[in-house]
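> Sharing input.pdb (PDB, C-alpha atoms, pLDDT in the B column) below.
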ATOM      1  CA  TYR N 175      40.209-116.005 -80.419  1.00 90.00           C
ATOM      2  CA  ARG N 176      38.025-112.976 -81.079  1.00 93.00           C
ATOM      3  CA  PRO N 177      39.672-110.226 -83.166  1.00 95.00           C
ATOM      4  CA  VAL N 178      38.929-106.682 -82.004  1.00 97.00           C
ATOM      5  CA  GLU N 179      39.864-103.592 -83.998  1.00 98.00           C
ATOM      6  CA  VAL N 180      41.384-101.183 -81.491  1.00 98.00           C
ATOM      7  CA  SER N 181      42.283 -98.549 -84.106  1.00 97.00           C
ATOM      8  CA  GLU N 182      43.092 -98.260 -87.801  1.00 95.00           C
ATOM      9  CA  HIS N 183      46.475 -99.928 -87.350  1.00 95.00           C
ATOM     10  CA  VAL N 184      45.986-102.017 -84.194  1.00 97.00           C
ATOM     11  CA  VAL N 185      44.061-105.295 -83.909  1.00 98.00           C
ATOM     12  CA  GLN N 186      43.948-107.447 -80.798  1.00 98.00           C
ATOM     13  CA  ALA N 187      43.185-111.151 -80.445  1.00 98.00           C
ATOM     14  CA  ILE N 188      41.105-111.492 -77.291  1.00 95.00           C
ATOM     15  CA  HIS N 189      40.951-114.937 -75.700  1.00 83.00           C
ATOM     16  CA  ASP N 190      41.278-116.667 -72.349  1.00 78.00           C
ATOM     17  CA  ASN N 191      44.064-119.066 -73.331  1.00 79.00           C
ATOM     18  CA  GLY N 192      46.888-117.015 -71.885  1.00 88.00           C
ATOM     19  CA  SER N 193      47.415-113.371 -72.768  1.00 95.00           C
ATOM     20  CA  ASN N 194      45.917-111.336 -75.559  1.00 97.00           C
ATOM     21  CA  ILE N 195      47.965-110.947 -78.744  1.00 98.00           C
ATOM     22  CA  SER N 196      48.237-107.549 -80.426  1.00 98.00           C
ATOM     23  CA  CYS N 197      49.178-106.656 -83.988  1.00 98.00           C
ATOM     24  CA  VAL N 198      50.390-103.240 -85.162  1.00 97.00           C
ATOM     25  CA  ALA N 199      50.461-102.629 -88.907  1.00 95.00           C
ATOM     26  CA  THR N 200      53.356-100.419 -90.015  1.00 93.00           C
ATOM     27  CA  ALA N 201      54.310 -99.463 -93.558  1.00 90.00           C
ATOM     28  CA  THR N 202      57.212-101.910 -93.493  1.00 91.00           C
ATOM     29  CA  GLY N 203      55.407-104.867 -91.936  1.00 95.00           C
ATOM     30  CA  LEU N 204      53.504-106.178 -88.943  1.00 97.00           C
ATOM     31  CA  VAL N 205      54.763-106.039 -85.366  1.00 97.00           C
ATOM     32  CA  PHE N 206      53.123-108.472 -82.942  1.00 98.00           C
ATOM     33  CA  PHE N 207      53.024-108.180 -79.158  1.00 98.00           C
ATOM     34  CA  ASP N 208      52.882-111.331 -77.002  1.00 98.00           C
ATOM     35  CA  THR N 209      51.695-114.761 -78.110  1.00 97.00           C
ATOM     36  CA  GLY N 210      49.397-116.251 -75.494  1.00 96.00           C
ATOM     37  CA  LEU N 211      49.776-119.898 -74.520  1.00 96.00           C
ATOM     38  CA  SER N 212      48.720-121.452 -77.821  1.00 96.00           C
ATOM     39  CA  THR N 213      51.114-121.739 -80.750  1.00 96.00           C
ATOM     40  CA  ALA N 214      48.218-122.717 -83.031  1.00 96.00           C
ATOM     41  CA  ALA N 215      46.137-119.657 -82.061  1.00 96.00           C
ATOM     42  CA  ALA N 216      49.126-117.335 -82.442  1.00 97.00           C
ATOM     43  CA  ARG N 217      49.940-118.825 -85.834  1.00 97.00           C
ATOM     44  CA  GLN N 218      46.331-118.392 -87.024  1.00 97.00           C
ATOM     45  CA  PHE N 219      46.153-114.781 -85.799  1.00 98.00           C
ATOM     46  CA  ARG N 220      49.420-114.009 -87.582  1.00 98.00           C
ATOM     47  CA  LYS N 221      48.090-115.530 -90.813  1.00 98.00           C
ATOM     48  CA  ASP N 222      44.820-113.608 -90.531  1.00 98.00           C
ATOM     49  CA  MET N 223      46.595-110.290 -89.946  1.00 98.00           C
ATOM     50  CA  GLU N 224      49.016-110.819 -92.829  1.00 98.00           C
ATOM     51  CA  THR N 225      45.988-111.376 -95.060  1.00 98.00           C
ATOM     52  CA  ARG N 226      44.083-108.421 -93.652  1.00 97.00           C
ATOM     53  CA  PHE N 227      46.878-105.859 -93.923  1.00 97.00           C
ATOM     54  CA  GLU N 228      48.676-107.449 -96.913  1.00 97.00           C
ATOM     55  CA  HIS N 229      52.016-107.081 -95.152  1.00 96.00           C
ATOM     56  CA  PRO N 230      54.558-109.624 -93.891  1.00 97.00           C
ATOM     57  CA  THR N 231      55.437-109.976 -90.222  1.00 98.00           C
ATOM     58  CA  ARG N 232      58.620-108.122 -89.287  1.00 97.00           C
ATOM     59  CA  ALA N 233      58.956-108.614 -85.504  1.00 97.00           C
ATOM     60  CA  LEU N 234      57.596-110.019 -82.259  1.00 98.00           C
ATOM     61  CA  VAL N 235      57.823-108.019 -79.030  1.00 98.00           C
ATOM     62  CA  LEU N 236      57.238-109.779 -75.721  1.00 98.00           C
ATOM     63  CA  THR N 237      56.061-107.389 -73.034  1.00 98.00           C
ATOM     64  CA  HIS N 238      57.485-109.425 -70.156  1.00 98.00           C
ATOM     65  CA  ALA N 239      58.770-112.902 -69.352  1.00 98.00           C
ATOM     66  CA  HIS N 240      55.629-114.541 -67.977  1.00 97.00           C
ATOM     67  CA  LEU N 241      54.709-117.872 -69.491  1.00 96.00           C
ATOM     68  CA  ASP N 242      51.174-116.949 -70.530  1.00 96.00           C
ATOM     69  CA  HIS N 243      52.588-114.211 -72.790  1.00 97.00           C
ATOM     70  CA  LEU N 244      55.293-116.204 -74.565  1.00 98.00           C
ATOM     71  CA  PHE N 245      54.423-119.909 -74.710  1.00 97.00           C
ATOM     72  CA  GLY N 246      53.140-119.595 -78.297  1.00 97.00           C
ATOM     73  CA  MET N 247      56.279-117.894 -79.603  1.00 98.00           C
ATOM     74  CA  ALA N 248      57.048-120.763 -82.008  1.00 98.00           C
ATOM     75  CA  ALA N 249      54.506-119.123 -84.326  1.00 98.00           C
ATOM     76  CA  PHE N 250      57.134-116.411 -84.851  1.00 98.00           C
ATOM     77  CA  ASP N 251      60.308-118.479 -85.128  1.00 97.00           C
ATOM     78  CA  ASP N 252      61.293-116.795 -88.413  1.00 97.00           C
ATOM     79  CA  VAL N 253      61.362-113.173 -87.188  1.00 98.00           C
ATOM     80  CA  PRO N 254      63.396-111.190 -84.615  1.00 98.00           C
ATOM     81  CA  VAL N 255      62.080-111.343 -81.056  1.00 98.00           C
ATOM     82  CA  TYR N 256      62.518-108.272 -78.823  1.00 98.00           C
ATOM     83  CA  ALA N 257      62.338-108.151 -75.019  1.00 98.00           C
ATOM     84  CA  ALA N 258      63.543-105.987 -72.138  1.00 98.00           C
ATOM     85  CA  SER N 259      66.885-107.079 -70.710  1.00 98.00           C
ATOM     86  CA  ALA N 260      65.536-106.659 -67.153  1.00 98.00           C
ATOM     87  CA  GLY N 261      63.729-109.978 -67.658  1.00 98.00           C
ATOM     88  CA  ARG N 262      66.726-111.897 -68.949  1.00 98.00           C
ATOM     89  CA  ARG N 263      67.211-114.015 -65.827  1.00 97.00           C
ATOM     90  CA  ARG N 264      63.561-115.120 -65.863  1.00 97.00           C
ATOM     91  CA  TRP N 265      63.847-115.849 -69.577  1.00 98.00           C
ATOM     92  CA  GLU N 266      66.879-118.054 -69.044  1.00 98.00           C
ATOM     93  CA  GLN N 267      65.084-119.978 -66.310  1.00 97.00           C
ATOM     94  CA  LEU N 268      62.073-120.652 -68.539  1.00 97.00           C
ATOM     95  CA  VAL N 269      64.097-121.625 -71.596  1.00 97.00           C
ATOM     96  CA  GLY N 270      66.235-123.939 -69.462  1.00 96.00           C
ATOM     97  CA  LEU N 271      63.276-125.904 -68.066  1.00 96.00           C
ATOM     98  CA  GLU N 272      62.885-129.585 -68.836  1.00 95.00           C
ATOM     99  CA  TRP N 273      59.184-130.017 -69.553  1.00 95.00           C
ATOM    100  CA  ASN N 274      58.694-133.238 -67.628  1.00 95.00           C
ATOM    101  CA  GLU N 275      55.426-134.306 -66.007  1.00 95.00           C
ATOM    102  CA  GLN N 276      56.193-132.511 -62.764  1.00 96.00           C
ATOM    103  CA  VAL N 277      56.948-129.163 -64.449  1.00 96.00           C
ATOM    104  CA  VAL N 278      53.927-129.437 -66.723  1.00 96.00           C
ATOM    105  CA  ALA N 279      51.672-130.237 -63.756  1.00 96.00           C
ATOM    106  CA  HIS N 280      53.046-127.241 -61.834  1.00 95.00           C
ATOM    107  CA  PHE N 281      52.243-124.759 -64.600  1.00 95.00           C
ATOM    108  CA  ALA N 282      48.978-126.478 -65.533  1.00 95.00           C
ATOM    109  CA  ALA N 283      47.757-125.781 -62.002  1.00 95.00           C
ATOM    110  CA  ILE N 284      48.025-122.077 -62.921  1.00 93.00           C
ATOM    111  CA  PHE N 285      47.198-122.314 -66.642  1.00 94.00           C
ATOM    112  CA  PRO N 286      44.828-125.279 -67.113  1.00 93.00           C
ATOM    113  CA  THR N 287      45.073-125.322 -70.922  1.00 93.00           C
ATOM    114  CA  LEU N 288      48.860-125.534 -70.938  1.00 93.00           C
ATOM    115  CA  THR N 289      48.942-129.352 -70.964  1.00 94.00           C
ATOM    116  CA  GLY N 290      47.561-129.459 -74.488  1.00 94.00           C
ATOM    117  CA  GLU N 291      50.023-126.839 -75.732  1.00 96.00           C
ATOM    118  CA  VAL N 292      53.355-128.311 -74.597  1.00 96.00           C
ATOM    119  CA  ASP N 293      54.011-130.421 -77.704  1.00 95.00           C
ATOM    120  CA  ASP N 294      53.797-127.396 -80.032  1.00 96.00           C
ATOM    121  CA  ALA N 295      55.723-124.990 -77.803  1.00 97.00           C
ATOM    122  CA  ARG N 296      59.331-124.100 -78.585  1.00 97.00           C
ATOM    123  CA  LEU N 297      60.806-121.547 -76.218  1.00 97.00           C
ATOM    124  CA  ARG N 298      63.944-119.618 -77.161  1.00 97.00           C
ATOM    125  CA  LEU N 299      65.719-116.558 -75.897  1.00 98.00           C
ATOM    126  CA  PRO N 300      64.841-113.235 -77.540  1.00 98.00           C
ATOM    127  CA  THR N 301      67.175-112.273 -80.372  1.00 97.00           C
ATOM    128  CA  VAL N 302      67.334-108.569 -79.435  1.00 98.00           C
ATOM    129  CA  TRP N 303      67.455-107.157 -75.904  1.00 98.00           C
ATOM    130  CA  PHE N 304      66.692-103.528 -75.092  1.00 98.00           C
ATOM    131  CA  ASP N 305      67.239-101.677 -71.839  1.00 97.00           C
ATOM    132  CA  ASP N 306      64.685 -98.883 -71.507  1.00 96.00           C
ATOM    133  CA  GLU N 307      63.389 -97.920 -74.958  1.00 96.00           C
ATOM    134  CA  LEU N 308      63.143 -99.362 -78.436  1.00 94.00           C
ATOM    135  CA  GLU N 309      61.925 -97.656 -81.624  1.00 94.00           C
ATOM    136  CA  LEU N 310      60.288 -99.885 -84.237  1.00 91.00           C
ATOM    137  CA  GLY N 311      58.362 -97.240 -86.164  1.00 73.00           C
ATOM    138  CA  ASP N 312      58.804 -96.077 -89.728  1.00 75.00           C
ATOM    139  CA  ASP N 313      58.252 -92.962 -91.819  1.00 69.00           C
ATOM    140  CA  ASP N 314      54.480 -93.313 -91.437  1.00 71.00           C
ATOM    141  CA  GLY N 315      54.549 -93.103 -87.665  1.00 73.00           C
ATOM    142  CA  PRO N 316      56.507 -93.870 -84.492  1.00 83.00           C
ATOM    143  CA  LEU N 317      56.157 -97.106 -82.559  1.00 93.00           C
ATOM    144  CA  LEU N 318      57.921 -96.676 -79.240  1.00 95.00           C
ATOM    145  CA  ILE N 319      58.383 -99.613 -76.867  1.00 97.00           C
ATOM    146  CA  ARG N 320      59.272 -98.528 -73.343  1.00 98.00           C
ATOM    147  CA  ARG N 321      60.144-100.556 -70.258  1.00 98.00           C
ATOM    148  CA  TYR N 322      58.112 -99.208 -67.360  1.00 98.00           C
ATOM    149  CA  GLY N 323      58.468-101.957 -64.758  1.00 98.00           C
ATOM    150  CA  GLY N 324      55.586-102.258 -62.315  1.00 97.00           C
ATOM    151  CA  HIS N 325      53.894-105.604 -62.928  1.00 97.00           C
ATOM    152  CA  SER N 326      57.390-107.060 -63.208  1.00 98.00           C
ATOM    153  CA  ALA N 327      60.818-105.472 -63.597  1.00 98.00           C
ATOM    154  CA  ASP N 328      60.772-106.047 -67.371  1.00 98.00           C
ATOM    155  CA  SER N 329      57.151-105.021 -68.001  1.00 98.00           C
ATOM    156  CA  SER N 330      57.046-103.013 -71.218  1.00 98.00           C
ATOM    157  CA  ALA N 331      54.392-101.263 -73.278  1.00 98.00           C
ATOM    158  CA  ALA N 332      54.123 -99.862 -76.795  1.00 98.00           C
ATOM    159  CA  LEU N 333      53.000 -96.345 -77.641  1.00 97.00           C
ATOM    160  CA  VAL N 334      51.308 -96.243 -81.045  1.00 95.00           C
ATOM    161  CA  SER N 335      51.156 -92.466 -80.967  1.00 89.00           C
ATOM    162  CA  GLY N 336      49.639 -91.965 -84.411  1.00 90.00           C
ATOM    163  CA  ASP N 337      46.563 -93.926 -83.320  1.00 94.00           C
ATOM    164  CA  GLY N 338      46.570 -92.811 -79.679  1.00 96.00           C
ATOM    165  CA  VAL N 339      46.850 -96.429 -78.523  1.00 97.00           C
ATOM    166  CA  VAL N 340      48.927 -98.094 -75.816  1.00 98.00           C
ATOM    167  CA  ILE N 341      49.627-101.827 -75.925  1.00 98.00           C
ATOM    168  CA  SER N 342      50.040-102.274 -72.213  1.00 98.00           C
ATOM    169  CA  GLY N 343      50.966-105.879 -71.521  1.00 98.00           C
ATOM    170  CA  ASP N 344      49.890-106.744 -67.983  1.00 98.00           C
ATOM    171  CA  LEU N 345      50.175-103.168 -66.759  1.00 98.00           C
ATOM    172  CA  VAL N 346      46.473-103.194 -67.608  1.00 98.00           C
ATOM    173  CA  GLN N 347      44.410-106.343 -67.017  1.00 96.00           C
ATOM    174  CA  ALA N 348      41.009-104.996 -67.914  1.00 95.00           C
ATOM    175  CA  ARG N 349      37.830-105.627 -65.907  1.00 93.00           C
ATOM    176  CA  ARG N 350      39.401-108.098 -63.512  1.00 90.00           C
ATOM    177  CA  HIS N 351      41.525-107.995 -60.407  1.00 88.00           C
ATOM    178  CA  PRO N 352      45.096-107.683 -61.694  1.00 91.00           C
ATOM    179  CA  TYR N 353      47.791-110.122 -60.708  1.00 91.00           C
ATOM    180  CA  PHE N 354      50.649-108.470 -58.810  1.00 89.00           C
ATOM    181  CA  GLY N 355      52.251-111.299 -56.863  1.00 87.00           C
ATOM    182  CA  GLU N 356      55.823-111.161 -58.190  1.00 91.00           C
ATOM    183  CA  PRO N 357      58.860-110.299 -56.041  1.00 94.00           C
ATOM    184  CA  ASP N 358      59.761-107.575 -58.559  1.00 96.00           C
ATOM    185  CA  THR N 359      56.302-105.956 -58.645  1.00 96.00           C
ATOM    186  CA  ASP N 360      56.698-102.196 -58.093  1.00 95.00           C
ATOM    187  CA  PHE N 361      53.464-100.305 -57.400  1.00 92.00           C
ATOM    188  CA  ASP N 362      55.058 -96.866 -57.753  1.00 92.00           C
ATOM    189  CA  ALA N 363      56.335 -97.737 -61.222  1.00 96.00           C
ATOM    190  CA  TRP N 364      52.982 -99.298 -62.097  1.00 96.00           C
ATOM    191  CA  VAL N 365      50.988 -96.204 -61.136  1.00 94.00           C
ATOM    192  CA  GLY N 366      53.617 -94.077 -62.887  1.00 95.00           C
ATOM    193  CA  ALA N 367      52.982 -95.901 -66.170  1.00 97.00           C
ATOM    194  CA  LEU N 368      49.217 -95.387 -65.918  1.00 96.00           C
ATOM    195  CA  LYS N 369      49.761 -91.700 -65.114  1.00 95.00           C
ATOM    196  CA  ASP N 370      52.096 -91.303 -68.082  1.00 96.00           C
ATOM    197  CA  TRP N 371      49.485 -92.659 -70.507  1.00 97.00           C
ATOM    198  CA  ASP N 372      46.728 -90.554 -68.994  1.00 94.00           C
ATOM    199  CA  GLU N 373      48.833 -87.411 -69.357  1.00 94.00           C
ATOM    200  CA  ARG N 374      49.640 -88.308 -72.976  1.00 94.00           C
ATOM    201  CA  GLY N 375      45.923 -88.311 -73.708  1.00 95.00           C
ATOM    202  CA  VAL N 376      45.777 -91.818 -75.127  1.00 96.00           C
ATOM    203  CA  LYS N 377      42.467 -92.871 -76.646  1.00 97.00           C
ATOM    204  CA  ALA N 378      42.571 -96.625 -76.086  1.00 98.00           C
ATOM    205  CA  ILE N 379      44.458 -99.294 -74.182  1.00 98.00           C
ATOM    206  CA  ALA N 380      45.024-102.779 -75.624  1.00 98.00           C
ATOM    207  CA  PRO N 381      45.514-104.748 -72.377  1.00 98.00           C
ATOM    208  CA  GLY N 382      47.342-107.965 -71.578  1.00 97.00           C
ATOM    209  CA  HIS N 383      44.057-109.567 -70.513  1.00 96.00           C
ATOM    210  CA  GLY N 384      40.471-108.532 -71.056  1.00 95.00           C
ATOM    211  CA  PRO N 385      38.920-106.225 -73.670  1.00 96.00           C
ATOM    212  CA  PRO N 386      40.352-102.913 -74.896  1.00 97.00           C
ATOM    213  CA  ILE N 387      39.387 -99.929 -72.741  1.00 98.00           C
ATOM    214  CA  ASP N 388      39.144 -96.175 -73.262  1.00 97.00           C
ATOM    215  CA  ALA N 389      40.723 -93.234 -71.448  1.00 96.00           C
ATOM    216  CA  ASP N 390      37.959 -93.018 -68.834  1.00 96.00           C
ATOM    217  CA  GLU N 391      38.407 -96.647 -67.844  1.00 96.00           C
ATOM    218  CA  LEU N 392      42.184 -96.162 -67.757  1.00 96.00           C
ATOM    219  CA  ARG N 393      41.656 -93.460 -65.131  1.00 95.00           C
ATOM    220  CA  ALA N 394      39.480 -95.864 -63.136  1.00 94.00           C
ATOM    221  CA  VAL N 395      42.266 -98.469 -63.204  1.00 94.00           C
ATOM    222  CA  ARG N 396      44.772 -95.847 -62.111  1.00 94.00           C
ATOM    223  CA  LEU N 397      42.503 -94.754 -59.240  1.00 93.00           C
ATOM    224  CA  TRP N 398      42.061 -98.375 -58.123  1.00 93.00           C
ATOM    225  CA  PHE N 399      45.827 -98.820 -57.892  1.00 92.00           C
ATOM    226  CA  ALA N 400      46.341 -95.520 -56.083  1.00 90.00           C
ATOM    227  CA  GLU N 401      43.658 -96.390 -53.530  1.00 93.00           C
ATOM    228  CA  THR N 402      45.060 -99.904 -53.065  1.00 91.00           C
ATOM    229  CA  VAL N 403      48.575 -98.560 -52.435  1.00 89.00           C
ATOM    230  CA  ALA N 404      47.213 -96.012 -49.954  1.00 92.00           C
ATOM    231  CA  ALA N 405      45.166 -98.667 -48.104  1.00 94.00           C
ATOM    232  CA  VAL N 406      48.136-101.019 -47.800  1.00 89.00           C
ATOM    233  CA  ALA N 407      50.369 -98.194 -46.588  1.00 90.00           C
ATOM    234  CA  GLU N 408      47.827 -97.244 -43.929  1.00 95.00           C
ATOM    235  CA  MET N 409      47.600-100.846 -42.687  1.00 95.00           C
TER
END
Let's see the structure in the file written out as structure tokens.


Amino acid sequence: YRPVEVSEHVVQAIHDNGSNISCVATATGLVFFDTGLSTAAARQFRKDMETRFEHPTRALVLTHAHLDHLFGMAAFDDVPVYAASAGRRRWEQLVGLEWNEQVVAHFAAIFPTLTGEVDDARLRLPTVWFDDELELGDDDGPLLIRRYGGHSADSSAALVSGDGVVISGDLVQARRHPYFGEPDTDFDAWVGALKDWDERGVKAIAPGHGPPIDADELRAVRLWFAETVAAVAEM
């Protein structure tokens, strides 16, 4: 992975093996967001961030229950795992899978590197569910996790307000055509999330895929979605 410093307290691991992984340094420890597909890469990023910030890891937050964001969660099997309860059914389906050749082949057709990651993967249900909002900040600054929906019903994002950063999950998939093929995709909620961040005056977005982007590029993403919704409605 390639580490990118998004702000003073936020570092993102950018790589193509599943989702990006984000780390937020708080005074009481590190909070990670998503894990990608690789347990080994997630474990190395965690180790590197603990060394960099000289803090232990206190929590893992999973922005939504899509496999490319959670398959490496075994790298965090000693800390609480937080996720939105709206994704609980999808979580239970994934955790209940028997990873036989047929299942592996099915997912490998979508995520080609998954085959080499199955042996290290250990999926488990989150330890803490939240409905709409979760506060994981400390006296040095708030860290608000909010479920917006949009990409999926459980899609959540983190507002690191002290740094002016949003960790967006797949509500932003930067510099690529975003995936929105789920039955629970909600374009109104999706555009609403992008509008909310724009109105808050955020400085940077740490996306689920692709490099971090600034406020101007966030507005371009928002415009793309608004124009897409309008075009589909007209058709």

> Using only C-alpha atoms, find the one residue out of N:Ala348, N:Glu179, N:Ala187, N:Ile341 that sits nearest to N:Val376.

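That would be N:Ile341, the residue with the smallest distance to N:Val376.
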
> List the neighbours of stretch 204-211 of chain N out to 8 Å using only C-alpha atoms; skip same-chain residues closer than 6 positions along the sequence, and give me the result as number ranges by chain.

N: 191-198, 224, 229-237, 241-247, 288, 291, 341, 343

> Considering all atoms listed in the file, return as a list in words whatever protein or nucleic-acid residues lie within 12 Å of stretch 399-409 of chain N, sequence-local ones (same chain, fewer than 6 positions apart) excluded.

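The contact residues come out as Gly324, His325, Leu345, Val346, Gln347, His351, Pro352, Tyr353, Phe354, Asp360, Phe361, Asp362, Ala363, Trp364, Val365, Gly366, Ala367, Leu368, Lys369, Leu392 and Arg393 of chain N.
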
> Just the residues within 9 Å of N:Asp294, please, counting only C-alpha atoms, with nothing from its chain fewer than 5 positions along; format it as a PyMOL selection string.

chain N and resi 212-214+246+248

> Set the distance at 7 Å and use all atoms listed in the file: which residues neighbour N:Pro300 once local chain neighbours fewer than 6 positions away are removed? I'd like the list as a list in words.

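Answer for this query is Val255, Tyr256 and Ala257 of chain N.
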
> Mind listing as a PyMOL selection string all residues within 12 Å of (56.0, -91.8, -84.9), counting only C-alpha atoms?

chain N and resi 200-201+309-319+332-338

> For C-alpha atoms, I'd like the residues from the last selection saved as a PDB file, in the coordinates of the input.


ATOM      1  CA  THR N 200      53.356-100.419 -90.015  1.00 93.00           C
ATOM      2  CA  ALA N 201      54.310 -99.463 -93.558  1.00 90.00           C
ATOM      3  CA  GLU N 309      61.925 -97.656 -81.624  1.00 94.00           C
ATOM      4  CA  LEU N 310      60.288 -99.885 -84.237  1.00 91.00           C
ATOM      5  CA  GLY N 311      58.362 -97.240 -86.164  1.00 73.00           C
ATOM      6  CA  ASP N 312      58.804 -96.077 -89.728  1.00 75.00           C
ATOM      7  CA  ASP N 313      58.252 -92.962 -91.819  1.00 69.00           C
ATOM      8  CA  ASP N 314      54.480 -93.313 -91.437  1.00 71.00           C
ATOM      9  CA  GLY N 315      54.549 -93.103 -87.665  1.00 73.00           C
ATOM     10  CA  PRO N 316      56.507 -93.870 -84.492  1.00 83.00           C
ATOM     11  CA  LEU N 317      56.157 -97.106 -82.559  1.00 93.00           C
ATOM     12  CA  LEU N 318      57.921 -96.676 -79.240  1.00 95.00           C
ATOM     13  CA  ILE N 319      58.383 -99.613 -76.867  1.00 97.00           C
ATOM     14  CA  ALA N 332      54.123 -99.862 -76.795  1.00 98.00           C
ATOM     15  CA  LEU N 333      53.000 -96.345 -77.641  1.00 97.00           C
ATOM     16  CA  VAL N 334      51.308 -96.243 -81.045  1.00 95.00           C
ATOM     17  CA  SER N 335      51.156 -92.466 -80.967  1.00 89.00           C
ATOM     18  CA  GLY N 336      49.639 -91.965 -84.411  1.00 90.00           C
ATOM     19  CA  ASP N 337      46.563 -93.926 -83.320  1.00 94.00           C
ATOM     20  CA  GLY N 338      46.570 -92.811 -79.679  1.00 96.00           C
TER      21      GLY N 338
END

> Could you state which residues are captured by the PyMOL selection byres ((chain N and resi 388) around 8) in this file, as a PyMOL selection string?

chain N and resi 377-379+386-387+389-392

> Atom CA of N:Asp252 and atom CA of N:Val302 are how many Å apart?

13.6 Å
